[in-house]
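These notes concern the structure reproduced below.
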Protein chains: 2
Amino acid sequence: MSAPIVHGGGITAAAVAFGGRPEDWLDLSTGINPCPVALPDIPATAWHRLPDRHLIDEARRAARDYYGSGEILPLPVPGTQSVIQLLPRLVEAGRLVAVTDNRVAVVSPTYGEYARAFASAGFGVDAVDDIAAIGAGHRLAVVVNPNNPDGLIWPAETLIALHHRIKAAGGFLVVDEAFGDTDPALSLASRAPQLSNLVIFRSFGKFFGLAGLRLGFAIARSDILARFEDWLGPWAVSGPALSIAASLLRSDVSPIRGRINERCAGLHGVLTGAGLQLSGGTALFTLVADARAGDIYTHLCRHHILVRKFDYAPEWLRFGLPPDPAADRRLGEALQRFER
Amino acid sequence: MSAPIVHGGGITAAAVAFGGRPEDWLDLSTGINPCPVALPDIPATAWHRLPDRHLIDEARRAARDYYGSGEILPLPVPGTQSVIQLLPRLVEAGRLVAVTDNRVAVVSPTYGEYARAFASAGFGVDAVDDIAAIGAGHRLAVVVNPNNPDGLIWPAETLIALHHRIKAAGGFLVVDEAFGDTDPALSLASRAPQLSNLVIFRSFGKFFGLAGLRLGFAIARSDILARFEDWLGPWAVSGPALSIAASLLRSDVSPIRGRINERCAGLHGVLTGAGLQLSGGTALFTLVADARAGDIYTHLCRHHILVRKFDYAPEWLRFGLPPDPAADRRLGEALQRFER
């Protein structure tokens, strides 16, 4: 077992350390839309019965139309994490012969659970900072696009060229588009039907503000999706999650996108107003680089505001979206009190 | 990949074959309480946020008190199926040396997903009909108690003796108590803190009538639970499921038990009134043995009533609970029209 990674959302622990009731803290430590959409009606049968084929198919068709994956019906999974855990098995199952080249590449720095899952399964993990460093010896490569936490974007053609290179050696390319909903033009989903050994992960909860649901989708050709489905077993996703997805993925999401962009502009105003240097991000979070990031983090904790810091990059802080202008002001006032 | 098993709940497929709208069918093909309890209030944060440590701990403490597992805090899992899929890995991780005895035993006939998960992972599976046939060569043994579909009950002392025998050879004992809520005295949960290499699975959805939630609990000593937690990764269970469990596991369940027993008595009355021979079951389902079981199954389908048949035992039919006396009458009338 490897040590668990500390992710965002640890308000309970922060409140123990710095005081205050957890519900009074301002949680900016995640990349989740802080303005959850209204829940659609959930039929009683979705709670009561095992998720029926009909309900699953409805969610898959809605996901296909929303993600634009053509002939591929995306596979609903109980959070991207559940399929990250299966990636080592995918690589092992894809081996034609026993080989010793059990190395994978993760374009880094990025979401830490990829490296953890592979290391835990005995793989060697190369954290590369450029796609060009991924070679034929890698059985699988992971690119988070746009990347978390720096928001770096890889153009589709670069990723497709990488796919051809890695596939020629029998490897897999995983593209994690967890933060892709605010800029759908970046997605590789429409190309997936033509690209074998490509796996795309999408997150449902971040954009819709429903991270508690535990729902994501995997987009890949049918041989790969059939394996994931087999390994996850029947009824991997809850009935309420499938029902909500089938409704919301067919709804008009432009007001959600508009609200996120508005909140992002509010956050940028606060951060630049406080003299901080923005160094990346997506519409759902902003990365700040500052030599005194650690002190700012502690200062904000004393004001019961939690942001995300990074062991591997002590000069970085990631700010999630404040839920409303009052929260913008609260953050702004706390930052103004930080003494340089 | 092994072929998927056909489980109960396939009303959509049955309606395609025999007509009628799925919602008009009487589904007796599952072992789920057909009278779901009222949903407790779910706080908005349970939907919105990633499941927080506080929410998880609340559910675990409620489960400990409900299952009576002493110092063990049961681990919430997204349905028992999710941990069945991990059992091959548990056996592999438990190996001290490379060995060739990769056989497991499943007391059979029983729930089919155990054999499928192990066969799919390359294990040899011995379907044994008696606990006495489980030997030191088995790396793991599975006992469903009470058993599905025949309701067979193994006394606690028999299971504990089996545990000692199998543990002495470094193996694991898995006791699946999915249908244990109606007779808590049968559970091994209170003994689990003293028994290493014992794993108990509990189902939340069957008894409470909330199978769509996808929630179960694993009860075992901390070394085993830590492995499951690591392999499932963070946030494996949805926020709403944890919140509902924390409420309902602390509620007075005697009305639920009373209602299930009342429905069971209604079903027994209908079946014996139709001249059928009851040959086992639990409070949540009843097994019937009849030479013409296949014909009865088809006859009931024509009346848009779905029960469970078994490829391996063509003389068996399993009847789930009808939701109310009107459904009892509907089943009774259909059975009366069956011509012997």
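Following the order of the structure tokens, first chain is A, next is B, and so on, with residues numbered from 1 inside each chain and ligands from 1 in the order they appear.
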
Compute the chain A side of the contact with chain B at 6 Å, counting only C-alpha atoms, and hand it back as an mmCIF file with N, CA and C atoms, in the first residue's frame.
data_model
loop_
_atom_site.group_PDB
_atom_site.id
_atom_site.type_symbol
_atom_site.label_atom_id
_atom_site.label_comp_id
_atom_site.auth_asym_id
_atom_site.auth_seq_id
_atom_site.Cartn_x
_atom_site.Cartn_y
_atom_site.Cartn_z
ATOM 1 N N ALA A 46 -35.348 4.452 -9.078
ATOM 2 C CA ALA A 46 -33.886 4.592 -9.181
ATOM 3 C C ALA A 46 -33.217 4.323 -7.837
ATOM 4 N N TRP A 47 -33.916 4.653 -6.746
ATOM 5 C CA TRP A 47 -33.395 4.356 -5.413
ATOM 6 C C TRP A 47 -33.631 2.888 -5.055
ATOM 7 N N HIS A 48 -34.783 2.404 -5.421
ATOM 8 C CA HIS A 48 -35.255 1.113 -4.918
ATOM 9 C C HIS A 48 -34.631 -0.082 -5.642
ATOM 10 N N ARG A 49 -34.612 -0.022 -6.971
ATOM 11 C CA ARG A 49 -34.194 -1.187 -7.749
ATOM 12 C C ARG A 49 -32.710 -1.167 -8.071
ATOM 13 N N LEU A 50 -32.177 -2.345 -8.357
ATOM 14 C CA LEU A 50 -30.856 -2.391 -8.963
ATOM 15 C C LEU A 50 -30.929 -1.642 -10.289
ATOM 16 N N PRO A 51 -29.879 -0.880 -10.622
ATOM 17 C CA PRO A 51 -29.923 -0.121 -11.876
ATOM 18 C C PRO A 51 -30.198 -1.037 -13.071
ATOM 19 N N GLY A 209 -21.291 20.377 -10.351
ATOM 20 C CA GLY A 209 -21.304 20.686 -8.923
ATOM 21 C C GLY A 209 -21.907 19.569 -8.092
ATOM 22 N N LEU A 210 -21.754 18.327 -8.558
ATOM 23 C CA LEU A 210 -22.349 17.184 -7.859
ATOM 24 C C LEU A 210 -21.303 16.098 -7.617
ATOM 25 N N ALA A 211 -20.213 16.486 -6.987
ATOM 26 C CA ALA A 211 -19.103 15.547 -6.798
ATOM 27 C C ALA A 211 -19.464 14.409 -5.847
ATOM 28 N N GLY A 212 -20.454 14.634 -4.973
ATOM 29 C CA GLY A 212 -20.860 13.581 -4.052
ATOM 30 C C GLY A 212 -21.518 12.397 -4.730
ATOM 31 N N LEU A 213 -21.964 12.615 -5.964
ATOM 32 C CA LEU A 213 -22.642 11.544 -6.723
ATOM 33 C C LEU A 213 -21.739 10.379 -7.058
ATOM 34 N N ARG A 214 -20.466 10.644 -7.259
ATOM 35 C CA ARG A 214 -19.488 9.660 -7.742
ATOM 36 C C ARG A 214 -19.897 9.130 -9.107
ATOM 37 N N SER A 238 -24.644 4.037 -9.117
ATOM 38 C CA SER A 238 -25.928 4.065 -8.423
ATOM 39 C C SER A 238 -27.054 4.515 -9.355
ATOM 40 N N GLY A 239 -28.263 4.064 -9.051
ATOM 41 C CA GLY A 239 -29.434 4.442 -9.827
ATOM 42 C C GLY A 239 -29.680 5.948 -9.835
#

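For segment 128-143 of chain A, the non-local neighbours within 6 Å, defined as residues at least 2 positions apart in the same chain or in other chains and counting only C-alpha atoms, are A:Arg103, A:Val104, A:Ala105, A:Val106, A:Val107, A:Ser108, A:Asp126, A:Ile166, A:Ala169, A:Gly171, A:Phe172, A:Leu173, A:Val174, A:Val175.
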
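For the pair atom CA of Asn261 of chain B and atom CA of Arg330 of chain B, the interatomic distance is 19.3 Å.
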
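Look at Gly122 of chain A: the protein and nucleic acid residues within 9 Å of it, using only C-alpha atoms and passing over chain neighbours fewer than 3 places away, are Pro88, Asn102, Ala117, Phe118 and Ala119 of chain A.
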
* What separation in Å, quoted to one decimal, exists between atom CA of Trp154 of chain A and atom CA of Phe179 of chain A? ->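 It comes out at 13.1 Å.
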
From a backbone DSSP assignment, name each residue in segment 127-186 of chain A labelled strand (DSSP E or B), as a VMD selection string. chain A and resid 127 to 128 138 to 144 172 to 176

Exercise for review: Give me, please, the distance in Å between atom CA of Asn147 of chain A and atom CA of Pro109 of chain A, quoted to one decimal.
Suggested key: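 Separating atom CA of Asn147 of chain A from atom CA of Pro109 of chain A is a distance of 8.6 Å.
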